[in-house]
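Input: a single structure, listed below in structure tokens.
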Amino acid sequence: MLLEVVATPKSHSAKPRRLIALNQLESAAAAANVDGCSCIDVAIATEVDSTSQVSESQIDGPCFKNAALSIGVKRFPSEQNRAYWQLAQRTHTLHSTQINRRFAWGLTVCGTHVRACLFGNDDILTSEVMDVATESGRKQFVTLLVNWAMCESQRLGYDSTIRYNGETGQWEIDVWDDESRVTHTYIHERTLFDTSSQFGRRTRCFIASAKENSGEQPVQKVLIKDAWAPTEFPGSEVVRDELSNLRTIRDKLGADDLKSVRSVDELIVVVSDVMAAHTAIVRRCGILHRDLSTNNIMFCRDDDGMIRGLLIDFDNAVLQSDLHNEQRPDQIGTFPYMSIGNLEQSSVKRTALDDWESLIYILCWLGTIGINREDQTN
């Protein structure tokens with residue numbers, strides 16, 4: 001059973017936490033929508049600790065930044081599907097506002113029927129019905145709340161390598177260095193790119209600086225890319241370095257990046273192949289790439305000198321069917337090549353035309369600075 005397998009704490013050594021039920025109707029301050037946090041109707045928060053995104057003095061109403069999990073509430077059991085949809089939308093926002101989220105729990109309450117939901121990166125698991133109108137159902141529900149109050153923060157879905165330092169008021173991010181075999185700690189400065197999808201790798205990018213900086217040396221800024229690893233690789237063998245991933249593509253396919261084309265004619269062939277592949281994926285699979293850029297277009301050169309274009313990096317790809325219910329689409333892609341609607345976060349639904357608009361900006365850029373390394377250097 002989901003509640004027994006996942007929610008039960010490994011040990012009782014964890015510090016008990018206080019679960020706080022948040023209800024928007026009971027907090028007038030929540031209507032202010034401070035600091036970009038959308039207010040929520042019902043959620044459960046925990047007592048402020050290293051997993052919290054805000055300090056206790058900053059919490060003046062229920063918001064996604066300090067919610068441990070969201071709750072979808074409906075009046076009747078027959079509205080279960082609507083409760084699932086409501087919960088999924090709120091959990092999506094929770095992932096987007098909490099930088100230390102790996103996965104998330106949620107509850108649906110439909111009349112006296114309560115279900116626990118676990119939102120992972122590739123699936124949503126739901127528990128059996130806990131009918132709080134019965135003694136056994138109430139026992140199950142209370143047991144679940146106790147487990148959430150007692151379990152380790154990682155089991156609530158928080159990433160232990162990203163934590164809030166209450167003394168400094170800053171986020172700290174631990175990054176493992178494969179070369180030196182040590183863990184470096186960085187101070188989060190801002191989020192450059194936030195996860196936008198409920199499923200997939202959930203890529204996030206942070207601008208950070210080294211915590212160990214003594215003040216005598218200039219502060220070195222780094223870009224940290226955080227994403228779920230492919231499931232077919234053991235965790236110890238996953239290569240997170242993007243440059244290494246590009247080299248792997250080049251080695252296995254004999255591919256090269258866009259800067260290696262020799263002429264405008266070759267660039268036209270590469271772009272034509274890439275957009276033909278893009279169109280086929282949209283029509284046959286209903287998938288939008290959403291991140292056309294100079295780094296995501298590559299090509300292979302055959303022995304006879306003929307070239308073929310490649311479209312890579314589907315980190316931000318999404319099913320078109322998932323875009324129908326977005327009231328305010330996320331800002332996705334590489335900034336210099338985003339469509340106008342994407343940049344302005346227009347309420348107009350994203351389509352393949354946004355990717356075609358990105359292609360126009362790519363060609364404008366290459367036409368300005370040069371199509372290959374030699375032209376760009378000159």
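To be explicit about the labels: the chains of the structure tokens are called A, B, and onward in the order shown, and within each one the residues are counted from 1, while ligands get numbers from 1 in the order they are shown.
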#### Entry: alpha helix (DSSP H) call set, DSSP backbone run, region 73-213 of chain A, as a ChimeraX atom specification
/A:80-97,135-150
### Exercise: region 305-314 of chain A partners within 6 Å, only C-alpha atoms, chain neighbours under 6 positions left out, as a VMD selection string
chain A and resid 270 273 to 274 289 296 to 299
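Here the question is which of A:Met275, A:Ile281, A:Leu366, A:Leu144 gets nearest to Arg115 (chain A) using only C-alpha atoms, and that residue is A:Leu144.
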### Query
With distances taken over only C-alpha atoms, which of A:Gly137, A:Asp194, A:Ile187, A:Val109 is nearest to His95 (chain A)?
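When distances to His95 (chain A) are compared using only C-alpha atoms, the smallest one comes from A:Asp194.
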### Query
Between A:Arg350, A:Gly157, A:Gly367, A:Ile99, which one has atoms that come closest to His188 (chain A), using only C-alpha atoms?
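For His188 (chain A), the nearest of the given residues is A:Ile99.
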### Task
May I have all residues of region 82-147 of chain A that DSSP, computed from the backbone, assigns to strand (DSSP E or B), given as a list of chain:residue names?
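Result set for region 82-147 of chain A (strand (DSSP E or B)): A:Arg101, A:Ala104, A:Trp105, A:Gly106, A:Leu107, A:Thr108, A:Val109, A:Cys110, A:His113, A:Val114, A:Arg115, A:Ala116, A:Cys117, A:Leu118, A:Phe119, A:Ile124, A:Leu125, A:Thr126, A:Met130, A:Asp131.
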With N, CA and C atoms retained, export the selected residues as a PDB file, in the first residue's frame.
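Here's the written file part_16.pdb:
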ATOM      1  N   ARG A 101      12.669  21.182  -4.227  1.00  0.00           N
ATOM      2  CA  ARG A 101      11.683  20.101  -4.363  1.00  0.00           C
ATOM      3  C   ARG A 101      12.186  19.021  -5.319  1.00  0.00           C
ATOM      4  N   ALA A 104       6.632  15.556  -4.582  1.00  0.00           N
ATOM      5  CA  ALA A 104       5.672  16.205  -3.678  1.00  0.00           C
ATOM      6  C   ALA A 104       4.517  15.269  -3.361  1.00  0.00           C
ATOM      7  N   TRP A 105       4.028  15.404  -2.151  1.00  0.00           N
ATOM      8  CA  TRP A 105       2.814  14.721  -1.725  1.00  0.00           C
ATOM      9  C   TRP A 105       1.619  15.642  -1.952  1.00  0.00           C
ATOM     10  N   GLY A 106       0.438  15.058  -1.919  1.00  0.00           N
ATOM     11  CA  GLY A 106      -0.783  15.840  -2.000  1.00  0.00           C
ATOM     12  C   GLY A 106      -1.950  15.042  -1.445  1.00  0.00           C
ATOM     13  N   LEU A 107      -3.047  15.726  -1.177  1.00  0.00           N
ATOM     14  CA  LEU A 107      -4.257  15.080  -0.671  1.00  0.00           C
ATOM     15  C   LEU A 107      -5.452  15.523  -1.507  1.00  0.00           C
ATOM     16  N   THR A 108      -6.356  14.607  -1.734  1.00  0.00           N
ATOM     17  CA  THR A 108      -7.671  14.991  -2.258  1.00  0.00           C
ATOM     18  C   THR A 108      -8.703  14.624  -1.195  1.00  0.00           C
ATOM     19  N   VAL A 109      -9.617  15.543  -0.963  1.00  0.00           N
ATOM     20  CA  VAL A 109     -10.693  15.328   0.000  1.00  0.00           C
ATOM     21  C   VAL A 109     -12.010  15.563  -0.731  1.00  0.00           C
ATOM     22  N   CYS A 110     -12.763  14.503  -0.933  1.00  0.00           N
ATOM     23  CA  CYS A 110     -14.057  14.586  -1.618  1.00  0.00           C
ATOM     24  C   CYS A 110     -15.125  14.027  -0.678  1.00  0.00           C
ATOM     25  N   HIS A 113     -14.215  11.038   1.647  1.00  0.00           N
ATOM     26  CA  HIS A 113     -13.191  10.204   1.015  1.00  0.00           C
ATOM     27  C   HIS A 113     -11.879  10.984   0.873  1.00  0.00           C
ATOM     28  N   VAL A 114     -10.826  10.450   1.467  1.00  0.00           N
ATOM     29  CA  VAL A 114      -9.509  11.089   1.424  1.00  0.00           C
ATOM     30  C   VAL A 114      -8.539  10.155   0.702  1.00  0.00           C
ATOM     31  N   ARG A 115      -7.751  10.704  -0.204  1.00  0.00           N
ATOM     32  CA  ARG A 115      -6.707   9.940  -0.894  1.00  0.00           C
ATOM     33  C   ARG A 115      -5.392  10.704  -0.816  1.00  0.00           C
ATOM     34  N   ALA A 116      -4.318   9.971  -0.618  1.00  0.00           N
ATOM     35  CA  ALA A 116      -2.982  10.561  -0.665  1.00  0.00           C
ATOM     36  C   ALA A 116      -2.416  10.345  -2.060  1.00  0.00           C
ATOM     37  N   CYS A 117      -1.720  11.354  -2.573  1.00  0.00           N
ATOM     38  CA  CYS A 117      -1.122  11.278  -3.911  1.00  0.00           C
ATOM     39  C   CYS A 117       0.364  11.589  -3.811  1.00  0.00           C
ATOM     40  N   LEU A 118       1.162  10.871  -4.586  1.00  0.00           N
ATOM     41  CA  LEU A 118       2.606  11.093  -4.639  1.00  0.00           C
ATOM     42  C   LEU A 118       2.971  11.489  -6.067  1.00  0.00           C
ATOM     43  N   PHE A 119       3.476  12.710  -6.234  1.00  0.00           N
ATOM     44  CA  PHE A 119       3.827  13.237  -7.551  1.00  0.00           C
ATOM     45  C   PHE A 119       5.332  13.056  -7.772  1.00  0.00           C
ATOM     46  N   ILE A 124       2.238   9.547 -11.201  1.00  0.00           N
ATOM     47  CA  ILE A 124       1.497   9.994 -10.021  1.00  0.00           C
ATOM     48  C   ILE A 124       0.867   8.765  -9.383  1.00  0.00           C
ATOM     49  N   LEU A 125       1.196   8.513  -8.129  1.00  0.00           N
ATOM     50  CA  LEU A 125       0.652   7.368  -7.405  1.00  0.00           C
ATOM     51  C   LEU A 125      -0.450   7.847  -6.471  1.00  0.00           C
ATOM     52  N   THR A 126      -1.498   7.070  -6.368  1.00  0.00           N
ATOM     53  CA  THR A 126      -2.588   7.421  -5.454  1.00  0.00           C
ATOM     54  C   THR A 126      -2.860   6.261  -4.506  1.00  0.00           C
ATOM     55  N   MET A 130      -9.404   6.493   1.980  1.00  0.00           N
ATOM     56  CA  MET A 130      -9.513   6.518   3.430  1.00  0.00           C
ATOM     57  C   MET A 130     -10.835   7.212   3.760  1.00  0.00           C
ATOM     58  N   ASP A 131     -11.821   6.460   4.142  1.00  0.00           N
ATOM     59  CA  ASP A 131     -13.135   7.028   4.442  1.00  0.00           C
ATOM     60  C   ASP A 131     -13.148   7.454   5.901  1.00  0.00           C
TER      61      ASP A 131
END
### Message
Env of Thr183 (chain A): 10 Å cut, atoms = only C-alpha atoms, seq-sep filter 5 positions within chain, self excluded. Answer as a ChimeraX atom specification.
### Response
/A:173-178
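A straight line drawn from CA of Gln345 (chain A) to CA of Ala317 (chain A) is 17.1 Å long.
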